[in-house]
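**Q** Next comes protein.csv, CSV, C-alpha atoms:
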```csv
chain,number,residue,atom,x,y,z
A,1,MET,CA,18.0,7.7,3.7
A,2,SER,CA,17.9,5.9,7.1
A,3,ASP,CA,15.9,2.7,7.5
A,4,ARG,CA,13.7,4.3,10.1
A,5,LEU,CA,12.9,7.2,7.8
A,6,ALA,CA,12.3,4.7,4.9
A,7,VAL,CA,9.7,2.8,6.8
A,8,LEU,CA,7.9,6.0,8.1
A,9,PRO,CA,5.2,5.8,5.4
A,10,GLN,CA,4.2,2.3,6.6
A,11,TYR,CA,3.0,3.8,9.8
A,12,LEU,CA,0.6,6.0,7.8
A,13,PHE,CA,-0.7,3.5,5.2
A,14,PRO,CA,-4.1,1.9,5.8
A,15,LYS,CA,-2.4,-1.5,6.0
A,16,GLN,CA,-5.4,-3.5,7.1
A,17,ALA,CA,-7.6,-2.2,4.3
A,18,LEU,CA,-4.9,-2.6,1.7
A,19,THR,CA,-4.3,-6.2,2.9
A,20,ALA,CA,-8.0,-7.0,2.8
A,21,PHE,CA,-8.3,-5.6,-0.7
A,22,ALA,CA,-5.2,-7.5,-1.9
A,23,GLY,CA,-6.6,-10.7,-0.5
A,24,TRP,CA,-9.9,-10.2,-2.3
A,25,VAL,CA,-8.2,-9.5,-5.6
A,26,ALA,CA,-5.8,-12.5,-5.3
A,27,SER,CA,-8.7,-14.9,-4.6
A,28,ARG,CA,-10.8,-13.8,-7.7
A,29,GLU,CA,-11.1,-15.9,-10.8
A,30,ARG,CA,-10.9,-13.6,-13.7
A,31,GLY,CA,-9.8,-15.7,-16.7
A,32,TRP,CA,-7.4,-14.0,-19.0
A,33,VAL,CA,-7.0,-11.1,-16.6
A,34,THR,CA,-5.7,-13.5,-13.9
A,35,THR,CA,-3.4,-15.1,-16.5
A,36,GLU,CA,-2.0,-11.7,-17.5
A,37,ILE,CA,-1.4,-10.7,-13.9
A,38,ILE,CA,0.5,-14.0,-13.3
A,39,ARG,CA,2.5,-13.6,-16.5
A,40,ARG,CA,3.7,-10.1,-15.5
A,41,PHE,CA,4.5,-11.3,-11.9
A,42,VAL,CA,6.5,-14.2,-13.3
A,43,ALA,CA,8.5,-11.9,-15.6
A,44,LYS,CA,9.0,-9.2,-12.9
A,45,TYR,CA,10.2,-11.5,-10.2
A,46,GLN,CA,11.8,-14.1,-12.5
A,47,VAL,CA,9.8,-17.0,-11.0
A,48,ASN,CA,11.1,-20.4,-12.1
A,49,MET,CA,8.0,-22.1,-13.4
A,50,ASP,CA,10.0,-25.2,-14.6
A,51,GLU,CA,10.1,-26.6,-11.1
A,52,ALA,CA,6.4,-26.1,-10.5
A,53,LEU,CA,4.1,-29.2,-10.6
A,54,ASP,CA,2.0,-27.2,-13.1
A,55,SER,CA,4.1,-24.9,-15.2
A,56,ASP,CA,1.3,-23.6,-17.4
A,57,ILE,CA,0.4,-20.2,-15.9
A,58,ALA,CA,-2.9,-20.2,-17.9
A,59,SER,CA,-4.1,-23.1,-15.9
A,60,TYR,CA,-4.3,-21.2,-12.6
A,61,ARG,CA,-7.8,-20.0,-11.8
A,62,SER,CA,-6.7,-17.3,-9.3
A,63,PHE,CA,-3.5,-15.6,-8.3
A,64,ASN,CA,-3.7,-17.4,-5.0
A,65,ASP,CA,-3.7,-20.7,-6.8
A,66,PHE,CA,-0.5,-19.7,-8.6
A,67,PHE,CA,1.1,-18.2,-5.5
A,68,THR,CA,0.7,-21.3,-3.5
A,69,ARG,CA,1.7,-23.6,-6.4
A,70,ALA,CA,3.1,-27.0,-5.6
A,71,LEU,CA,6.6,-28.2,-6.7
A,72,LYS,CA,7.4,-31.2,-8.8
A,73,PRO,CA,8.2,-34.3,-6.8
A,74,GLY,CA,11.9,-34.4,-6.0
A,75,ALA,CA,12.4,-30.7,-6.6
A,76,ARG,CA,13.5,-30.2,-3.0
A,77,PRO,CA,15.3,-33.3,-1.7
A,78,LEU,CA,15.8,-33.5,2.0
A,79,ALA,CA,19.3,-33.3,3.5
A,80,ALA,CA,20.5,-35.8,6.1
A,81,ALA,CA,20.1,-33.4,9.0
A,82,ASP,CA,18.3,-33.3,12.3
A,83,LEU,CA,16.7,-30.0,11.2
A,84,VAL,CA,16.1,-29.0,7.5
A,85,CYS,CA,15.2,-25.6,6.2
A,86,PRO,CA,11.4,-25.4,6.0
A,87,VAL,CA,11.1,-22.8,3.2
A,88,ASP,CA,12.7,-21.3,0.2
A,89,GLY,CA,13.8,-17.8,1.0
A,90,ALA,CA,16.6,-15.8,2.6
A,91,ILE,CA,18.1,-15.8,6.1
A,92,SER,CA,17.1,-12.8,8.1
A,93,GLN,CA,18.9,-13.8,11.3
A,94,PHE,CA,19.7,-16.9,13.3
A,95,GLY,CA,21.6,-18.0,16.4
A,96,ALA,CA,21.3,-18.0,20.2
A,97,ILE,CA,18.4,-16.6,22.2
A,98,GLU,CA,20.0,-14.4,24.8
A,99,ARG,CA,17.9,-15.3,27.9
A,100,ASP,CA,14.6,-14.3,26.4
A,101,GLN,CA,15.8,-11.9,23.7
A,102,ILE,CA,15.7,-12.7,20.0
A,103,PHE,CA,18.0,-10.6,17.7
A,104,GLN,CA,16.1,-8.9,14.9
A,105,ALA,CA,18.6,-6.4,13.4
A,106,LYS,CA,21.2,-4.0,14.6
A,107,GLY,CA,19.7,-2.1,17.5
A,108,HIS,CA,16.5,-4.2,17.6
A,109,SER,CA,15.5,-7.4,19.5
A,110,TYR,CA,12.2,-8.7,20.9
A,111,SER,CA,11.2,-11.2,23.6
A,112,THR,CA,10.2,-14.8,23.3
A,113,THR,CA,7.1,-14.0,25.4
A,114,ALA,CA,6.0,-11.2,23.0
A,115,VAL,CA,6.4,-13.3,19.8
A,116,VAL,CA,4.4,-16.3,21.1
A,117,GLY,CA,1.5,-14.0,22.1
A,118,GLY,CA,2.2,-13.3,25.8
A,119,ASP,CA,2.4,-16.9,27.1
A,120,ALA,CA,5.4,-16.6,29.5
A,121,ALA,CA,5.3,-20.3,30.4
A,122,LEU,CA,5.6,-21.3,26.8
A,123,ALA,CA,8.3,-18.8,26.2
A,124,ALA,CA,10.3,-20.0,29.2
A,125,GLN,CA,10.9,-23.3,27.4
A,126,PHE,CA,13.1,-21.4,24.9
A,127,GLN,CA,15.2,-19.3,27.3
A,128,ASP,CA,18.8,-19.4,26.2
A,129,GLY,CA,17.7,-21.6,23.2
A,130,SER,CA,18.2,-21.0,19.5
A,131,PHE,CA,16.2,-19.2,16.8
A,132,ALA,CA,16.1,-18.8,13.0
A,133,THR,CA,14.2,-16.1,11.1
A,134,LEU,CA,13.7,-16.7,7.3
A,135,TYR,CA,12.2,-14.2,4.9
A,136,LEU,CA,10.2,-15.3,1.9
A,137,SER,CA,10.3,-12.9,-1.1
A,138,PRO,CA,7.6,-12.6,-3.7
A,139,ARG,CA,9.5,-14.9,-6.1
A,140,ASP,CA,9.8,-17.7,-3.6
A,141,TYR,CA,7.8,-20.9,-3.2
A,142,HIS,CA,5.3,-20.1,-0.5
A,143,ARG,CA,4.5,-23.4,1.2
A,144,ILE,CA,6.1,-24.1,4.6
A,145,HIS,CA,7.3,-27.6,5.5
A,146,MET,CA,8.4,-29.3,8.7
A,147,PRO,CA,12.0,-29.0,9.8
A,148,CYS,CA,11.8,-32.3,11.6
A,149,ASP,CA,9.2,-34.8,12.7
A,150,GLY,CA,6.7,-33.2,15.1
A,151,ARG,CA,3.4,-33.6,16.9
A,152,LEU,CA,1.2,-30.5,17.0
A,153,THR,CA,0.2,-29.5,20.5
A,154,ARG,CA,-1.2,-25.9,20.2
A,155,MET,CA,-1.9,-23.2,17.6
A,156,ILE,CA,-2.2,-19.6,18.6
A,157,TYR,CA,-3.5,-16.8,16.4
A,158,VAL,CA,-2.1,-13.4,17.6
A,159,PRO,CA,-3.6,-10.3,16.1
A,160,GLY,CA,-1.2,-7.4,15.3
A,161,ASP,CA,0.1,-4.9,12.8
A,162,LEU,CA,0.8,-5.6,9.1
A,163,PHE,CA,4.1,-4.0,8.4
A,164,SER,CA,6.2,-5.2,5.5
A,165,VAL,CA,8.8,-7.8,6.6
A,166,ASN,CA,11.5,-7.1,4.1
A,167,PRO,CA,15.1,-6.4,5.4
A,168,VAL,CA,14.7,-2.6,5.4
A,169,THR,CA,11.6,-2.8,7.6
A,170,ALA,CA,13.3,-5.3,9.9
A,171,ARG,CA,16.0,-2.8,10.4
A,172,GLY,CA,13.6,0.1,10.8
A,173,VAL,CA,10.6,-1.1,12.9
A,174,PRO,CA,11.4,-2.1,16.5
A,175,GLY,CA,10.0,-5.5,17.5
A,176,LEU,CA,8.7,-6.2,14.0
A,177,PHE,CA,8.1,-9.9,14.3
A,178,ALA,CA,6.5,-9.6,17.7
A,179,ARG,CA,4.1,-6.8,16.7
A,180,ASN,CA,2.9,-8.2,13.3
A,181,GLU,CA,-0.1,-10.6,13.0
A,182,ARG,CA,1.1,-14.2,13.4
A,183,VAL,CA,0.2,-17.8,13.8
A,184,VAL,CA,2.2,-19.6,16.4
A,185,CYS,CA,2.4,-23.4,15.9
A,186,VAL,CA,3.8,-25.4,18.9
A,187,PHE,CA,5.2,-28.9,18.3
A,188,GLU,CA,6.7,-31.7,20.3
A,189,SER,CA,9.6,-33.6,18.8
A,190,ALA,CA,11.9,-36.4,19.8
A,191,ARG,CA,14.4,-33.7,21.0
A,192,GLY,CA,11.9,-31.5,22.8
A,193,PRO,CA,9.5,-28.7,21.9
A,194,PHE,CA,9.9,-26.3,19.1
A,195,VAL,CA,7.8,-23.4,17.7
A,196,LEU,CA,7.2,-22.5,14.1
A,197,ILE,CA,5.7,-19.0,13.7
A,198,LEU,CA,4.1,-17.7,10.5
A,199,VAL,CA,4.4,-13.9,10.5
A,200,GLY,CA,1.9,-11.9,8.5
A,201,ALA,CA,2.7,-8.7,6.6
A,202,THR,CA,1.3,-6.0,4.3
A,203,ILE,CA,-0.9,-7.6,1.6
A,204,VAL,CA,-0.5,-11.1,3.0
A,205,GLY,CA,-4.1,-12.0,2.4
A,206,SER,CA,-4.1,-15.0,4.8
A,207,MET,CA,-2.1,-17.7,6.4
A,208,ALA,CA,-3.2,-21.4,6.4
A,209,THR,CA,-2.2,-24.7,8.0
A,210,VAL,CA,-2.8,-28.2,6.6
A,211,TRP,CA,-4.8,-29.2,9.7
A,212,HIS,CA,-7.0,-26.1,10.1
A,213,GLY,CA,-7.2,-24.5,6.7
A,214,VAL,CA,-7.2,-20.7,6.5
A,215,VAL,CA,-6.6,-19.2,10.0
A,216,ASN,CA,-7.1,-15.6,9.0
A,217,PRO,CA,-9.3,-13.9,8.0
A,218,PRO,CA,-11.3,-13.4,10.1
A,219,ARG,CA,-9.0,-10.9,11.7
A,220,GLY,CA,-9.9,-9.8,15.2
A,221,LYS,CA,-8.5,-8.0,18.3
A,222,ASP,CA,-8.3,-11.1,20.5
A,223,VAL,CA,-5.8,-13.9,20.7
A,224,ARG,CA,-7.4,-17.2,19.6
A,225,GLU,CA,-6.0,-20.6,20.6
A,226,TRP,CA,-6.5,-24.3,19.7
A,227,HIS,CA,-5.2,-27.3,21.6
A,228,TYR,CA,-4.5,-30.7,20.0
A,229,PRO,CA,-4.4,-33.6,22.5
A,230,ASP,CA,-2.2,-36.7,22.0
A,231,GLU,CA,-5.1,-39.1,21.3
A,232,PRO,CA,-4.7,-42.2,19.0
A,233,THR,CA,-7.5,-41.1,16.7
A,234,SER,CA,-6.9,-37.4,16.5
A,235,ALA,CA,-3.3,-36.5,17.2
A,236,ILE,CA,-1.7,-34.5,14.4
A,237,ARG,CA,1.8,-35.8,13.5
A,238,LEU,CA,3.8,-34.5,10.6
A,239,ARG,CA,7.0,-35.9,9.2
A,240,GLN,CA,10.2,-34.0,8.3
A,241,GLY,CA,9.7,-32.3,5.0
A,242,GLU,CA,5.9,-32.6,5.0
A,243,GLU,CA,3.9,-29.4,4.2
A,244,MET,CA,2.5,-27.7,7.4
A,245,GLY,CA,1.2,-24.4,6.0
A,246,ARG,CA,1.3,-21.7,3.4
A,247,PHE,CA,1.2,-18.0,2.9
A,248,LEU,CA,-1.2,-16.4,0.5
A,249,LEU,CA,1.3,-13.7,-0.5
A,250,GLY,CA,4.7,-13.7,1.1
A,251,SER,CA,6.1,-13.2,4.6
A,252,THR,CA,8.5,-14.6,7.2
A,253,VAL,CA,8.9,-17.7,9.4
A,254,VAL,CA,10.4,-17.6,12.9
A,255,MET,CA,11.5,-20.8,14.6
A,256,LEU,CA,12.4,-21.3,18.3
A,257,PHE,CA,14.3,-24.2,19.7
A,258,PRO,CA,15.0,-25.1,23.4
A,259,ARG,CA,18.4,-24.7,25.2
A,260,GLY,CA,21.0,-27.3,24.1
A,261,PRO,CA,23.8,-27.7,21.6
A,262,LEU,CA,22.5,-26.8,18.2
A,263,GLY,CA,24.9,-26.6,15.3
A,264,PHE,CA,23.6,-24.4,12.5
A,265,ASN,CA,24.8,-25.0,8.9
A,266,THR,CA,28.2,-23.5,8.7
A,267,ASP,CA,27.4,-22.1,5.3
A,268,TRP,CA,24.5,-20.0,6.7
A,269,ALA,CA,24.9,-16.3,7.0
A,270,PRO,CA,22.4,-13.4,7.4
A,271,GLY,CA,21.2,-12.4,3.9
A,272,GLY,CA,22.1,-15.7,2.3
A,273,ALA,CA,19.7,-17.6,0.2
A,274,VAL,CA,18.2,-20.9,1.5
A,275,ARG,CA,16.2,-23.6,-0.1
A,276,LEU,CA,13.6,-26.0,1.3
A,277,GLY,CA,15.1,-29.3,2.4
A,278,GLU,CA,18.7,-28.1,2.8
A,279,ALA,CA,20.5,-28.8,6.1
A,280,MET,CA,19.6,-26.2,8.7
A,281,ALA,CA,21.1,-27.6,11.9
A,282,GLN,CA,22.1,-30.6,13.9
A,283,GLN,CA,20.8,-31.3,17.4
A,284,PRO,CA,23.4,-33.8,18.8
A,285,TRP,CA,21.8,-34.2,22.2
A,286,LYS,CA,19.1,-36.7,23.0
A,287,ASN,CA,16.5,-36.6,25.8
A,288,SER,CA,13.6,-38.5,27.2
A,289,HIS,CA,10.9,-36.8,25.1
A,290,SER,CA,8.6,-39.3,23.5
A,291,GLY,CA,5.9,-36.9,22.3
A,292,LEU,CA,5.9,-38.6,18.9
```
Spell out the structure here as structure tokens.
**A**
Amino acid sequence: MSDRLAVLPQYLFPKQALTAFAGWVASRERGWVTTEIIRRFVAKYQVNMDEALDSDIASYRSFNDFFTRALKPGARPLAAADLVCPVDGAISQFGAIERDQIFQAKGHSYSTTAVVGGDAALAAQFQDGSFATLYLSPRDYHRIHMPCDGRLTRMIYVPGDLFSVNPVTARGVPGLFARNERVVCVFESARGPFVLILVGATIVGSMATVWHGVVNPPRGKDVREWHYPDEPTSAIRLRQGEEMGRFLLGSTVVMLFPRGPLGFNTDWAPGGAVRLGEAMAQQPWKNSHSGL
């Protein structure tokens, strides 16, 4: 069966209603019922609870509490790299941005302008830059961390579809990551700007950041935007490896970096597994940015 044919039912599913229902179920506190759901999930997806800060599945009051579980201190040491992997997951794609086009899968690409929500000026900063797209499966740890030190400048909520983001869908739905709902987080770093995008998907109940809390719901039809000025008392600065957000049910992260020599980990390959904190890339150039 072709990938396009395989994803055809997703065009027909009531994805918004299904996602809202899944979010409601995942947030409920149902005692032994919740524990049994978690127990079956752990068994089905072979979740490693030994590395969780709280390994007792009966202690989680809701499925969301379990799904966004913290790890034990030291479970994900940081590599000595300019950019570290921000999540546990699998590599969807990574490499060079061709002018403004980001490679999604064979036969599919999407523009930087589309993925950041239509802001051409923001997208222009990443022309001929680099990108990385990382997929989080249900079994993975679902908190997102900083690839490097950064100061938050903007956050943009972009409404959209809620297709699945698994590899089959990435091959079968054109422009997937630029058409799904997403939260675009814009940072300034010592080596220039970068963007970290949280992409929503079917049954992803919500996405949250550490500075804002839950961004969605509410879900609407309009782009929403927040600005974060560089003021001594209110600037939001996060260090490499610090948590920046989380998915309540799984999805994908897309990162954009500006033009310049960026050397990705030579062990990386599409489809390969990655872990939070491992070396992602080196940025050997320096510039005059002092946004931190």
**Q** Could you tell me which of A:Arg171, A:Lys221, A:His145, A:Arg191 comes closest to A:Pro284 if we count only C-alpha atoms?
**A**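 So, comparing all the options, the nearest one is A:Arg191.
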**Q** Taking only C-alpha atoms into account, name the residue in A:Val168, A:Leu152, A:Pro159, A:Arg239 that is nearest to A:Leu196.
**A** A:Leu152
**Q** Find the distance between atom CA of A:Leu262 and atom CA of A:Ala90 and write it in Å to one decimal.
**A**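 Separation of atom CA of A:Leu262 and atom CA of A:Ala90: 20.0 Å.
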**Q** Residues within 8 Å of A:Gly277, please, as a list in words. Count all atoms listed in the file; anything in the same chain fewer than 4 positions from it doesn't count.
**A**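 So, after excluding close chain neighbours, the residues are Arg76, Pro77, Leu78, Ala79, Val84, Cys85, Pro86, Val87 and Gly241 of chain A.
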**Q** Could you tell me how far atom CA of A:Arg151 lies from atom CA of A:Trp211, in Å and to one decimal?
**A**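 Interatomic distance here is 11.8 Å.
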**Q** Report as a PyMOL selection string all protein, DNA and RNA residues lying within 10 Å of A:Gly220, evaluated on all atoms listed in the file, omitting residues in the same chain fewer than 6 positions from it.
**A** chain A and resi 157-160
**Q** Could you check which of A:Thr252, A:Asn216, A:Asn64, A:Ser206 is closest to A:Ile91, using all atoms listed in the file?
**A**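 So, comparing all the options, the nearest one is A:Thr252.
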**Q** Kindly indicate which residue among A:Asp230, A:Asp128, A:Glu181, A:Asp88 lies nearest to A:Tyr141, using only C-alpha atoms for the distances.
**A**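 Checking each of A:Asp230, A:Asp128, A:Glu181, A:Asp88 against A:Tyr141, counting only C-alpha atoms, the winner is A:Asp88.
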**Q** Using the atoms already present, construct N, CA, C and O atoms for stretch 57-72 of chain A and hand them back as a short mmCIF file (atom, residue, chain, number, x, y, z; two decimals), keeping the file's coordinate frame.
**A**
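Contents of out.cif, freshly written:
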```cif
data_model
loop_
_atom_site.label_atom_id
_atom_site.label_comp_id
_atom_site.auth_asym_id
_atom_site.auth_seq_id
_atom_site.Cartn_x
_atom_site.Cartn_y
_atom_site.Cartn_z
N ILE A 57 0.99 -21.29 -16.73
CA ILE A 57 0.40 -20.20 -15.90
C ILE A 57 -1.07 -19.98 -16.31
O ILE A 57 -1.84 -19.46 -15.49
N ALA A 58 -1.47 -20.37 -17.51
CA ALA A 58 -2.90 -20.20 -17.90
C ALA A 58 -3.82 -21.14 -17.19
O ALA A 58 -5.03 -20.96 -17.23
N SER A 59 -3.27 -22.15 -16.53
CA SER A 59 -4.10 -23.10 -15.90
C SER A 59 -4.54 -22.71 -14.46
O SER A 59 -5.43 -23.33 -13.86
N TYR A 60 -3.92 -21.66 -13.93
CA TYR A 60 -4.30 -21.20 -12.60
C TYR A 60 -5.49 -20.33 -12.59
O TYR A 60 -5.53 -19.31 -13.29
N ARG A 61 -6.49 -20.71 -11.80
CA ARG A 61 -7.80 -20.00 -11.80
C ARG A 61 -7.72 -18.68 -11.06
O ARG A 61 -8.49 -17.77 -11.34
N SER A 62 -6.85 -18.57 -10.07
CA SER A 62 -6.70 -17.30 -9.30
C SER A 62 -5.23 -17.09 -9.04
O SER A 62 -4.40 -18.01 -9.15
N PHE A 63 -4.91 -15.86 -8.63
CA PHE A 63 -3.50 -15.60 -8.30
C PHE A 63 -3.09 -16.37 -7.07
O PHE A 63 -1.94 -16.81 -6.99
N ASN A 64 -4.00 -16.58 -6.13
CA ASN A 64 -3.70 -17.40 -5.00
C ASN A 64 -3.29 -18.82 -5.35
O ASN A 64 -2.38 -19.41 -4.77
N ASP A 65 -4.02 -19.38 -6.31
CA ASP A 65 -3.70 -20.70 -6.80
C ASP A 65 -2.26 -20.77 -7.31
O ASP A 65 -1.51 -21.72 -7.05
N PHE A 66 -1.89 -19.75 -8.05
CA PHE A 66 -0.50 -19.70 -8.60
C PHE A 66 0.48 -19.45 -7.46
O PHE A 66 1.53 -20.12 -7.40
N PHE A 67 0.18 -18.55 -6.55
CA PHE A 67 1.10 -18.20 -5.50
C PHE A 67 1.46 -19.33 -4.59
O PHE A 67 2.58 -19.44 -4.09
N THR A 68 0.48 -20.19 -4.36
CA THR A 68 0.70 -21.30 -3.50
C THR A 68 0.93 -22.62 -4.28
O THR A 68 0.65 -23.72 -3.81
N ARG A 69 1.46 -22.48 -5.46
CA ARG A 69 1.70 -23.60 -6.40
C ARG A 69 2.57 -24.68 -5.72
O ARG A 69 3.47 -24.36 -4.93
N ALA A 70 2.31 -25.92 -6.08
CA ALA A 70 3.10 -27.00 -5.60
C ALA A 70 4.36 -27.18 -6.49
O ALA A 70 4.39 -26.73 -7.65
N LEU A 71 5.37 -27.84 -5.95
CA LEU A 71 6.60 -28.20 -6.70
C LEU A 71 6.50 -29.59 -7.24
O LEU A 71 5.77 -30.42 -6.72
N LYS A 72 7.29 -29.84 -8.26
CA LYS A 72 7.40 -31.20 -8.80
C LYS A 72 7.99 -32.13 -7.73
O LYS A 72 8.84 -31.70 -6.94
#
```
